[in-house]
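Working notes, beginning with the structure itself.
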Amino acid sequence: MHPRLGALAALRLTDPEAKVAATRATFAGLCQQPLDLRALRTGDDEGGVPGRPERPLRVSATAVGKRSPFTPEGRAALIHSICHIEFNAINLALDAAWRFDGMPEDFYRDWLRVADEEAQHFTLLHDHLQAMGHRYGDFTGHDGLWSMCEKTRDDIVARMALVPRTLEARGLDATPLIQAKLRRVNTPDALAACAILDIILRDEIGHVAVGNRWYRWLCERDGLDPIAHYRVLYRRHEAPRLKAPFNLEARALAGFTDEELGALQQP
């Protein structure tokens with residue numbers, strides 16, 4: 001099977017463990033031979049996208065329950081919320097690898113690698129959640145990440161601008177704050193979660209860098225100014241407002257320019 005069709009097959013799966021296994025197998029099968037770059041999209045291939053389990057119950061972001069890390073139940077809810085983000089991130093990366101015809105080979109390899117790493121993150125978090133006496137689906141989750149995926153389904157430039165380098169970049173800012181709270185809790189499960197978040201933060205810097213790379217490549221291809229066009233896309237698709245504090249070091253490592261980092265700090 002063509003790796004991009006493998007990505008679509010994994011994307012359609014509803015069972016989380018099956019999706020993880022199929023995602024990892026698709027990436028493992030992506031040998032170093034040249035990738036067939038023929039167009040693969042058909043008029044009826046949107047069916048079943050994305051595959052998701054019946055639980056967690058999906059609610060609005062404001063309706064998600066409190067997730068204080070200072071109680072065992074609150075910590076479980078917090079880990080579940082991150083687990084839900086990673087499950088959606090698997091779908092996002094698979095969708096990027098499958099959806100967009102006409103890109104260079106490295107684009108598909110990048111996003112299949114990202115999907116594989118997101119699958120690893122989900123597994124680490126789900127194993128930890130189960131050690132805490134819960135499973136994925138035990139708490140509610142919201143659809144913020146996938147909603148932006150839907151908004152940008154027909155515009156690859158907007159997808160690269162607003163998913164990896166906007167929504168996922170917010171994770172670079174949030175992770176150290178979450179870790180600081182967990183270290184204050186200082187229980188074995190809280191410290192174990194911190195260690196998992198270290199791995200996720202390291203990898204997510206690379207994922208945001210992939211988004212930055214391909215956003216700039218597309219802007220150059222299409223004769224667009226990356227900073228000016230980002231503002232257009234941000235308004236057009238009603239992206240969430242970026243809020244301080246920002247993890248400027250991680251964002252710099254992920255490829256944001258000095259001009260972009262400076263703009264974040266303007267009132």
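Letters A, B, ... mark the chains of the structure tokens in the order given; residue numbers begin at 1 per chain; ligand numbers begin at 1, in order shown.
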
Excluding stretch 128-143 of chain A and its own-chain neighbours fewer than 3 positions away, which residues fall within 8 Å of it when counting only C-alpha atoms? Please give them as a JSON list (two decimals) with all heavy atoms, in the first residue's frame.
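Heads up, here's the output in around17.json:
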```
[["chain", "number", "residue", "atom", "x", "y", "z"],
["A", 55, "ARG", "N", -15.99, 7.67, 22.90],
["A", 55, "ARG", "CA", -15.52, 8.43, 24.05],
["A", 55, "ARG", "C", -14.04, 8.75, 23.84],
["A", 55, "ARG", "O", -13.32, 7.97, 23.25],
["A", 55, "ARG", "CB", -15.71, 7.62, 25.34],
["A", 55, "ARG", "CG", -17.18, 7.34, 25.63],
["A", 55, "ARG", "CD", -17.34, 6.52, 26.90],
["A", 55, "ARG", "NE", -16.84, 7.26, 28.07],
["A", 55, "ARG", "CZ", -17.56, 8.12, 28.77],
["A", 55, "ARG", "NH1", -18.80, 8.39, 28.39],
["A", 55, "ARG", "NH2", -17.07, 8.73, 29.81],
["A", 56, "PRO", "N", -13.61, 9.95, 24.25],
["A", 56, "PRO", "CA", -14.28, 10.85, 25.17],
["A", 56, "PRO", "C", -15.43, 11.63, 24.53],
["A", 56, "PRO", "O", -15.42, 11.87, 23.32],
["A", 56, "PRO", "CB", -13.17, 11.82, 25.60],
["A", 56, "PRO", "CG", -12.23, 11.83, 24.44],
["A", 56, "PRO", "CD", -12.25, 10.43, 23.89],
["A", 57, "LEU", "N", -16.38, 12.00, 25.39],
["A", 57, "LEU", "CA", -17.44, 12.90, 24.97],
["A", 57, "LEU", "C", -16.81, 14.24, 24.61],
["A", 57, "LEU", "O", -16.06, 14.82, 25.39],
["A", 57, "LEU", "CB", -18.44, 13.08, 26.12],
["A", 57, "LEU", "CG", -19.60, 14.06, 25.86],
["A", 57, "LEU", "CD1", -20.53, 13.51, 24.78],
["A", 57, "LEU", "CD2", -20.37, 14.30, 27.15],
["A", 58, "ARG", "N", -17.10, 14.72, 23.40],
["A", 58, "ARG", "CA", -16.51, 15.97, 22.94],
["A", 58, "ARG", "C", -17.44, 17.14, 23.28],
["A", 58, "ARG", "O", -18.62, 17.12, 22.91],
["A", 58, "ARG", "CB", -16.21, 15.90, 21.44],
["A", 58, "ARG", "CG", -15.11, 14.89, 21.13],
["A", 58, "ARG", "CD", -14.71, 14.89, 19.67],
["A", 58, "ARG", "NE", -15.78, 14.43, 18.79],
["A", 58, "ARG", "CZ", -16.03, 13.14, 18.56],
["A", 58, "ARG", "NH1", -15.31, 12.21, 19.15],
["A", 58, "ARG", "NH2", -17.00, 12.79, 17.74],
["A", 59, "VAL", "N", -16.91, 18.12, 23.97],
["A", 59, "VAL", "CA", -17.66, 19.28, 24.42],
["A", 59, "VAL", "C", -16.90, 20.54, 24.01],
["A", 59, "VAL", "O", -15.79, 20.48, 23.51],
["A", 59, "VAL", "CB", -17.85, 19.24, 25.96],
["A", 59, "VAL", "CG1", -18.64, 18.00, 26.37],
["A", 59, "VAL", "CG2", -16.52, 19.28, 26.69],
["A", 60, "SER", "N", -17.51, 21.70, 24.24],
["A", 60, "SER", "CA", -16.81, 22.95, 23.96],
["A", 60, "SER", "C", -15.65, 23.12, 24.93],
["A", 60, "SER", "O", -15.63, 22.54, 26.03],
["A", 60, "SER", "CB", -17.77, 24.14, 24.10],
["A", 60, "SER", "OG", -18.14, 24.31, 25.44],
["A", 61, "ALA", "N", -14.68, 23.93, 24.54],
["A", 61, "ALA", "CA", -13.50, 24.13, 25.38],
["A", 61, "ALA", "C", -13.87, 24.67, 26.76],
["A", 61, "ALA", "O", -13.23, 24.33, 27.76],
["A", 61, "ALA", "CB", -12.52, 25.07, 24.68],
["A", 64, "VAL", "N", -15.12, 21.84, 29.33],
["A", 64, "VAL", "CA", -14.23, 20.80, 29.84],
["A", 64, "VAL", "C", -14.06, 20.99, 31.35],
["A", 64, "VAL", "O", -13.89, 22.11, 31.83],
["A", 64, "VAL", "CB", -12.86, 20.86, 29.14],
["A", 64, "VAL", "CG1", -11.89, 19.87, 29.77],
["A", 64, "VAL", "CG2", -13.03, 20.56, 27.65],
["A", 65, "GLY", "N", -14.11, 19.91, 32.09],
["A", 65, "GLY", "CA", -14.03, 20.00, 33.54],
["A", 65, "GLY", "C", -12.70, 20.54, 34.04],
["A", 65, "GLY", "O", -11.71, 20.57, 33.31],
["A", 76, "ALA", "N", -5.37, 13.14, 36.98],
["A", 76, "ALA", "CA", -5.80, 12.21, 35.94],
["A", 76, "ALA", "C", -6.52, 12.96, 34.81],
["A", 76, "ALA", "O", -6.30, 12.68, 33.62],
["A", 76, "ALA", "CB", -6.72, 11.15, 36.54],
["A", 77, "ALA", "N", -7.37, 13.92, 35.17],
["A", 77, "ALA", "CA", -8.07, 14.71, 34.16],
["A", 77, "ALA", "C", -7.08, 15.53, 33.33],
["A", 77, "ALA", "O", -7.26, 15.69, 32.11],
["A", 77, "ALA", "CB", -9.10, 15.63, 34.83],
["A", 79, "ILE", "N", -3.83, 14.76, 32.73],
["A", 79, "ILE", "CA", -3.13, 13.84, 31.83],
["A", 79, "ILE", "C", -4.05, 13.41, 30.69],
["A", 79, "ILE", "O", -3.63, 13.31, 29.53],
["A", 79, "ILE", "CB", -2.62, 12.61, 32.61],
["A", 79, "ILE", "CG1", -1.61, 13.03, 33.68],
["A", 79, "ILE", "CG2", -2.00, 11.59, 31.66],
["A", 79, "ILE", "CD1", -0.41, 13.80, 33.14],
["A", 80, "HIS", "N", -5.33, 13.20, 31.00],
["A", 80, "HIS", "CA", -6.29, 12.83, 29.96],
["A", 80, "HIS", "C", -6.40, 13.93, 28.92],
["A", 80, "HIS", "O", -6.48, 13.65, 27.71],
["A", 80, "HIS", "CB", -7.66, 12.57, 30.59],
["A", 80, "HIS", "CG", -8.68, 12.08, 29.61],
["A", 80, "HIS", "ND1", -9.42, 12.93, 28.81],
["A", 80, "HIS", "CD2", -9.10, 10.82, 29.32],
["A", 80, "HIS", "CE1", -10.23, 12.22, 28.06],
["A", 80, "HIS", "NE2", -10.07, 10.94, 28.34],
["A", 81, "SER", "N", -6.40, 15.19, 29.34],
["A", 81, "SER", "CA", -6.53, 16.29, 28.38],
["A", 81, "SER", "C", -5.34, 16.33, 27.43],
["A", 81, "SER", "O", -5.50, 16.60, 26.24],
["A", 81, "SER", "CB", -6.67, 17.63, 29.12],
["A", 81, "SER", "OG", -5.46, 18.01, 29.75],
["A", 83, "CYS", "N", -3.45, 13.69, 26.74],
["A", 83, "CYS", "CA", -3.61, 12.47, 25.94],
["A", 83, "CYS", "C", -4.56, 12.73, 24.77],
["A", 83, "CYS", "O", -4.31, 12.29, 23.64],
["A", 83, "CYS", "CB", -4.15, 11.37, 26.86],
["A", 83, "CYS", "SG", -3.93, 9.70, 26.27],
["A", 84, "HIS", "N", -5.63, 13.46, 25.03],
["A", 84, "HIS", "CA", -6.60, 13.79, 23.98],
["A", 84, "HIS", "C", -5.95, 14.68, 22.91],
["A", 84, "HIS", "O", -6.20, 14.50, 21.71],
["A", 84, "HIS", "CB", -7.80, 14.50, 24.61],
["A", 84, "HIS", "CG", -8.88, 14.85, 23.65],
["A", 84, "HIS", "ND1", -9.57, 13.92, 22.91],
["A", 84, "HIS", "CD2", -9.41, 16.06, 23.29],
["A", 84, "HIS", "CE1", -10.46, 14.51, 22.15],
["A", 84, "HIS", "NE2", -10.38, 15.82, 22.36],
["A", 124, "LEU", "N", 2.65, 6.75, 25.67],
["A", 124, "LEU", "CA", 3.27, 7.08, 26.95],
["A", 124, "LEU", "C", 2.24, 7.65, 27.93],
["A", 124, "LEU", "O", 2.18, 7.26, 29.10],
["A", 124, "LEU", "CB", 4.40, 8.10, 26.74],
["A", 124, "LEU", "CG", 5.68, 7.59, 26.10],
["A", 124, "LEU", "CD1", 6.59, 8.77, 25.74],
["A", 124, "LEU", "CD2", 6.41, 6.62, 27.02],
["A", 125, "LEU", "N", 1.43, 8.57, 27.45],
["A", 125, "LEU", "CA", 0.44, 9.20, 28.31],
["A", 125, "LEU", "C", -0.68, 8.24, 28.70],
["A", 125, "LEU", "O", -1.13, 8.25, 29.84],
["A", 125, "LEU", "CB", -0.14, 10.43, 27.61],
["A", 125, "LEU", "CG", 0.81, 11.62, 27.48],
["A", 125, "LEU", "CD1", 0.30, 12.59, 26.42],
["A", 125, "LEU", "CD2", 0.99, 12.33, 28.81],
["A", 146, "TRP", "N", -8.89, 19.73, 15.94],
["A", 146, "TRP", "CA", -9.49, 19.21, 14.71],
["A", 146, "TRP", "C", -10.38, 20.25, 14.03],
["A", 146, "TRP", "O", -10.48, 20.25, 12.80],
["A", 146, "TRP", "CB", -10.29, 17.93, 14.97],
["A", 146, "TRP", "CG", -10.69, 17.33, 13.66],
["A", 146, "TRP", "CD1", -11.90, 17.39, 13.07],
["A", 146, "TRP", "CD2", -9.83, 16.66, 12.73],
["A", 146, "TRP", "NE1", -11.88, 16.79, 11.84],
["A", 146, "TRP", "CE2", -10.61, 16.33, 11.60],
["A", 146, "TRP", "CE3", -8.47, 16.30, 12.75],
["A", 146, "TRP", "CZ2", -10.08, 15.65, 10.50],
["A", 146, "TRP", "CZ3", -7.95, 15.62, 11.65],
["A", 146, "TRP", "CH2", -8.75, 15.31, 10.55],
["A", 147, "SER", "N", -10.98, 21.14, 14.77],
["A", 147, "SER", "CA", -11.80, 22.18, 14.15],
["A", 147, "SER", "C", -10.97, 23.03, 13.19],
["A", 147, "SER", "O", -11.43, 23.38, 12.10],
["A", 147, "SER", "CB", -12.43, 23.07, 15.23],
["A", 147, "SER", "OG", -13.35, 22.34, 16.00],
["A", 189, "ASP", "N", 3.57, 10.00, 40.71],
["A", 189, "ASP", "CA", 2.87, 10.07, 39.43],
["A", 189, "ASP", "C", 3.04, 11.43, 38.78],
["A", 189, "ASP", "O", 3.16, 11.54, 37.55],
["A", 189, "ASP", "CB", 1.38, 9.73, 39.59],
["A", 189, "ASP", "CG", 0.61, 10.79, 40.36],
["A", 189, "ASP", "OD1", 0.66, 10.77, 41.60],
["A", 189, "ASP", "OD2", -0.02, 11.64, 39.73],
["A", 193, "ALA", "N", 4.89, 12.12, 35.20],
["A", 193, "ALA", "CA", 4.26, 12.90, 34.13],
["A", 193, "ALA", "C", 5.20, 13.97, 33.61],
["A", 193, "ALA", "O", 5.26, 14.22, 32.40],
["A", 193, "ALA", "CB", 2.96, 13.52, 34.63]]
```

- Message: With only C-alpha atoms as the counted atoms, please give the residues lying no more than 10 Å from A:Glu17, apart from itself and same-chain residues fewer than 6 positions off, as a ChimeraX atom specification.
- Response: /A:23,119,122-123,126

- Item | Which residue of A:Ala263, A:Val114, A:Ile227, A:Ala9 approaches A:Ala89 most closely, using only C-alpha atoms |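 Going through A:Ala263, A:Val114, A:Ile227, A:Ala9 one by one, the smallest distance to A:Ala89 is for A:Val114.
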
- Task: Run DSSP on the backbone and give me the residues of stretch 54-259 of chain A it puts in helix (DSSP H, G or I), as a PyMOL selection string.
- Result: chain A and resi 61-63+72-99+105-131+144-151+156-167+169-185+188-222+226-236+248-253+258-259

Write a file of the selected residues as a short mmCIF file (atom, residue, chain, number, x, y, z; two decimals), in the first residue's frame, keeping C-alpha atoms.
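part-v8.cif, written as the output of this step:
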```cif
data_model
loop_
_atom_site.label_atom_id
_atom_site.label_comp_id
_atom_site.auth_asym_id
_atom_site.auth_seq_id
_atom_site.Cartn_x
_atom_site.Cartn_y
_atom_site.Cartn_z
CA ALA A 61 -13.50 24.13 25.38
CA THR A 62 -15.30 26.08 28.10
CA ALA A 63 -17.26 22.99 29.16
CA PRO A 72 -5.42 12.60 42.14
CA GLU A 73 -8.62 12.99 40.10
CA GLY A 74 -7.51 16.39 38.85
CA ARG A 75 -4.12 15.05 37.78
CA ALA A 76 -5.80 12.21 35.94
CA ALA A 77 -8.07 14.71 34.16
CA LEU A 78 -5.03 16.82 33.27
CA ILE A 79 -3.13 13.84 31.83
CA HIS A 80 -6.29 12.83 29.96
CA SER A 81 -6.53 16.29 28.38
CA ILE A 82 -2.95 16.03 27.11
CA CYS A 83 -3.61 12.47 25.94
CA HIS A 84 -6.60 13.79 23.98
CA ILE A 85 -4.41 16.45 22.37
CA GLU A 86 -1.93 13.79 21.31
CA PHE A 87 -4.68 11.58 19.88
CA ASN A 88 -5.87 14.52 17.79
CA ALA A 89 -2.28 15.29 16.83
CA ILE A 90 -1.94 11.77 15.37
CA ASN A 91 -4.96 12.49 13.18
CA LEU A 92 -3.63 15.92 12.21
CA ALA A 93 -0.28 14.55 11.05
CA LEU A 94 -1.89 11.64 9.18
CA ASP A 95 -4.29 14.05 7.52
CA ALA A 96 -1.45 16.31 6.37
CA ALA A 97 0.39 13.33 4.88
CA TRP A 98 -2.71 12.06 3.07
CA ARG A 99 -4.71 15.14 2.11
CA GLU A 105 8.62 13.77 -1.07
CA ASP A 106 10.14 15.22 2.10
CA PHE A 107 6.78 16.76 3.03
CA TYR A 108 5.13 13.35 3.27
CA ARG A 109 8.08 11.81 5.05
CA ASP A 110 8.07 14.66 7.58
CA TRP A 111 4.40 14.29 8.43
CA LEU A 112 4.50 10.50 8.63
CA ARG A 113 7.40 10.84 11.08
CA VAL A 114 5.44 13.40 13.08
CA ALA A 115 2.45 11.02 13.17
CA ASP A 116 4.70 8.23 14.45
CA GLU A 117 6.06 10.43 17.25
CA GLU A 118 2.57 11.62 18.20
CA ALA A 119 1.54 7.97 18.43
CA GLN A 120 4.45 7.35 20.79
CA HIS A 121 3.37 10.33 22.92
CA PHE A 122 -0.19 9.04 23.11
CA THR A 123 1.04 5.63 24.23
CA LEU A 124 3.27 7.08 26.95
CA LEU A 125 0.44 9.20 28.31
CA HIS A 126 -2.20 6.49 28.05
CA ASP A 127 0.01 3.99 29.85
CA HIS A 128 0.55 6.57 32.59
CA LEU A 129 -3.17 7.35 32.74
CA GLN A 130 -3.96 3.66 33.15
CA ALA A 131 -1.40 3.41 35.96
CA GLY A 144 -10.17 22.76 19.06
CA LEU A 145 -7.32 21.15 17.14
CA TRP A 146 -9.49 19.21 14.71
CA SER A 147 -11.80 22.18 14.15
CA MET A 148 -8.89 24.15 12.70
CA CYS A 149 -7.97 21.13 10.62
CA GLU A 150 -11.46 21.25 9.13
CA LYS A 151 -11.24 24.98 8.47
CA ILE A 156 -2.37 23.78 2.57
CA VAL A 157 -0.78 27.17 3.30
CA ALA A 158 -3.38 27.90 5.96
CA ARG A 159 -2.99 24.37 7.36
CA MET A 160 0.76 24.81 7.86
CA ALA A 161 0.30 28.32 9.24
CA LEU A 162 -2.46 27.66 11.72
CA VAL A 163 -2.12 24.08 12.96
CA PRO A 164 1.54 23.23 13.66
CA ARG A 165 2.93 26.74 13.99
CA THR A 166 -0.05 28.26 15.84
CA LEU A 167 -2.14 25.73 17.78
CA ALA A 169 3.11 25.92 19.12
CA ARG A 170 0.90 26.87 22.06
CA GLY A 171 1.96 23.56 23.58
CA LEU A 172 5.55 24.82 23.67
CA ASP A 173 4.34 27.67 25.88
CA ALA A 174 2.03 25.61 28.08
CA THR A 175 4.20 22.58 28.83
CA PRO A 176 6.72 24.24 31.19
CA LEU A 177 3.85 25.81 33.15
CA ILE A 178 2.18 22.42 33.56
CA GLN A 179 5.46 20.85 34.61
CA ALA A 180 6.03 23.54 37.22
CA LYS A 181 2.67 22.74 38.82
CA LEU A 182 3.35 19.00 38.74
CA ARG A 183 6.72 19.49 40.41
CA ARG A 184 4.98 21.40 43.20
CA VAL A 185 2.71 18.39 43.70
CA PRO A 188 5.61 9.90 42.06
CA ASP A 189 2.87 10.07 39.43
CA ALA A 190 3.29 13.84 39.03
CA LEU A 191 7.06 13.53 38.58
CA ALA A 192 6.60 10.66 36.13
CA ALA A 193 4.26 12.90 34.13
CA CYS A 194 6.93 15.62 34.09
CA ALA A 195 9.40 13.17 32.57
CA ILE A 196 6.92 12.24 29.84
CA LEU A 197 6.31 15.93 29.13
CA ASP A 198 10.08 16.42 28.72
CA ILE A 199 9.99 13.92 25.86
CA ILE A 200 6.91 15.50 24.33
CA LEU A 201 8.32 19.04 24.53
CA ARG A 202 11.55 17.92 22.84
CA ASP A 203 9.66 16.28 19.99
CA GLU A 204 7.07 19.04 19.64
CA ILE A 205 9.81 21.57 18.98
CA GLY A 206 10.63 19.46 15.94
CA HIS A 207 6.99 19.21 14.90
CA VAL A 208 6.50 22.96 15.01
CA ALA A 209 9.74 23.30 13.05
CA VAL A 210 8.22 21.07 10.35
CA GLY A 211 5.26 23.43 10.16
CA ASN A 212 7.53 26.45 9.94
CA ARG A 213 9.64 24.84 7.24
CA TRP A 214 6.73 23.97 4.98
CA TYR A 215 4.83 27.19 5.61
CA ARG A 216 7.84 29.20 4.44
CA TRP A 217 8.44 26.85 1.52
CA LEU A 218 4.84 27.29 0.38
CA CYS A 219 4.99 31.08 0.79
CA GLU A 220 8.13 31.19 -1.33
CA ARG A 221 6.53 28.96 -3.94
CA ASP A 222 3.41 31.12 -4.10
CA PRO A 226 5.17 34.84 5.32
CA ILE A 227 4.51 37.39 8.05
CA ALA A 228 1.93 39.48 6.19
CA HIS A 229 0.10 36.41 4.86
CA TYR A 230 0.05 34.82 8.30
CA ARG A 231 -1.93 37.80 9.60
CA VAL A 232 -4.42 37.36 6.74
CA LEU A 233 -4.86 33.65 7.50
CA TYR A 234 -5.06 34.24 11.25
CA ARG A 235 -8.00 36.62 10.79
CA ARG A 236 -9.68 34.67 7.97
CA LEU A 248 10.67 32.03 23.44
CA GLU A 249 13.60 29.62 23.67
CA ALA A 250 11.55 26.67 22.42
CA ARG A 251 9.92 28.79 19.73
CA ALA A 252 13.33 29.93 18.51
CA LEU A 253 14.51 26.32 18.36
CA ASP A 258 13.46 37.18 15.61
CA GLU A 259 10.80 39.32 13.93
#
```

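The closest residue to A:Phe70, picked from A:His237, A:Thr187, A:Gln265, A:Arg41 and counting only C-alpha atoms, is A:Thr187.
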
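Picture a line from atom CA of A:Lys243 to atom CA of A:Gln266; it runs 11.2 Å.
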
- Extract the full set of strand (DSSP E or B) residues from stretch 40-149 of chain A according to DSSP on the backbone, and format it as a list in words. Arg58, Val59, Gly141 and His142 of chain A

- Task: Tell me, in Å to one decimal, how far atom CA of A:Leu13 is from atom CA of A:Ala25.
- Result: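 Going from atom CA of A:Leu13 over to atom CA of A:Ala25 covers 13.6 Å.
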
- Query: Smallest atom-to-atom distance to A:Asp101: which of A:Leu5, A:Leu264, A:Leu30, A:Leu11, using only C-alpha atoms?
  - Reply: A:Leu5

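Taking atom CA of A:Arg4 and atom CA of A:Phe256 as endpoints, the distance between them is 28.4 Å.
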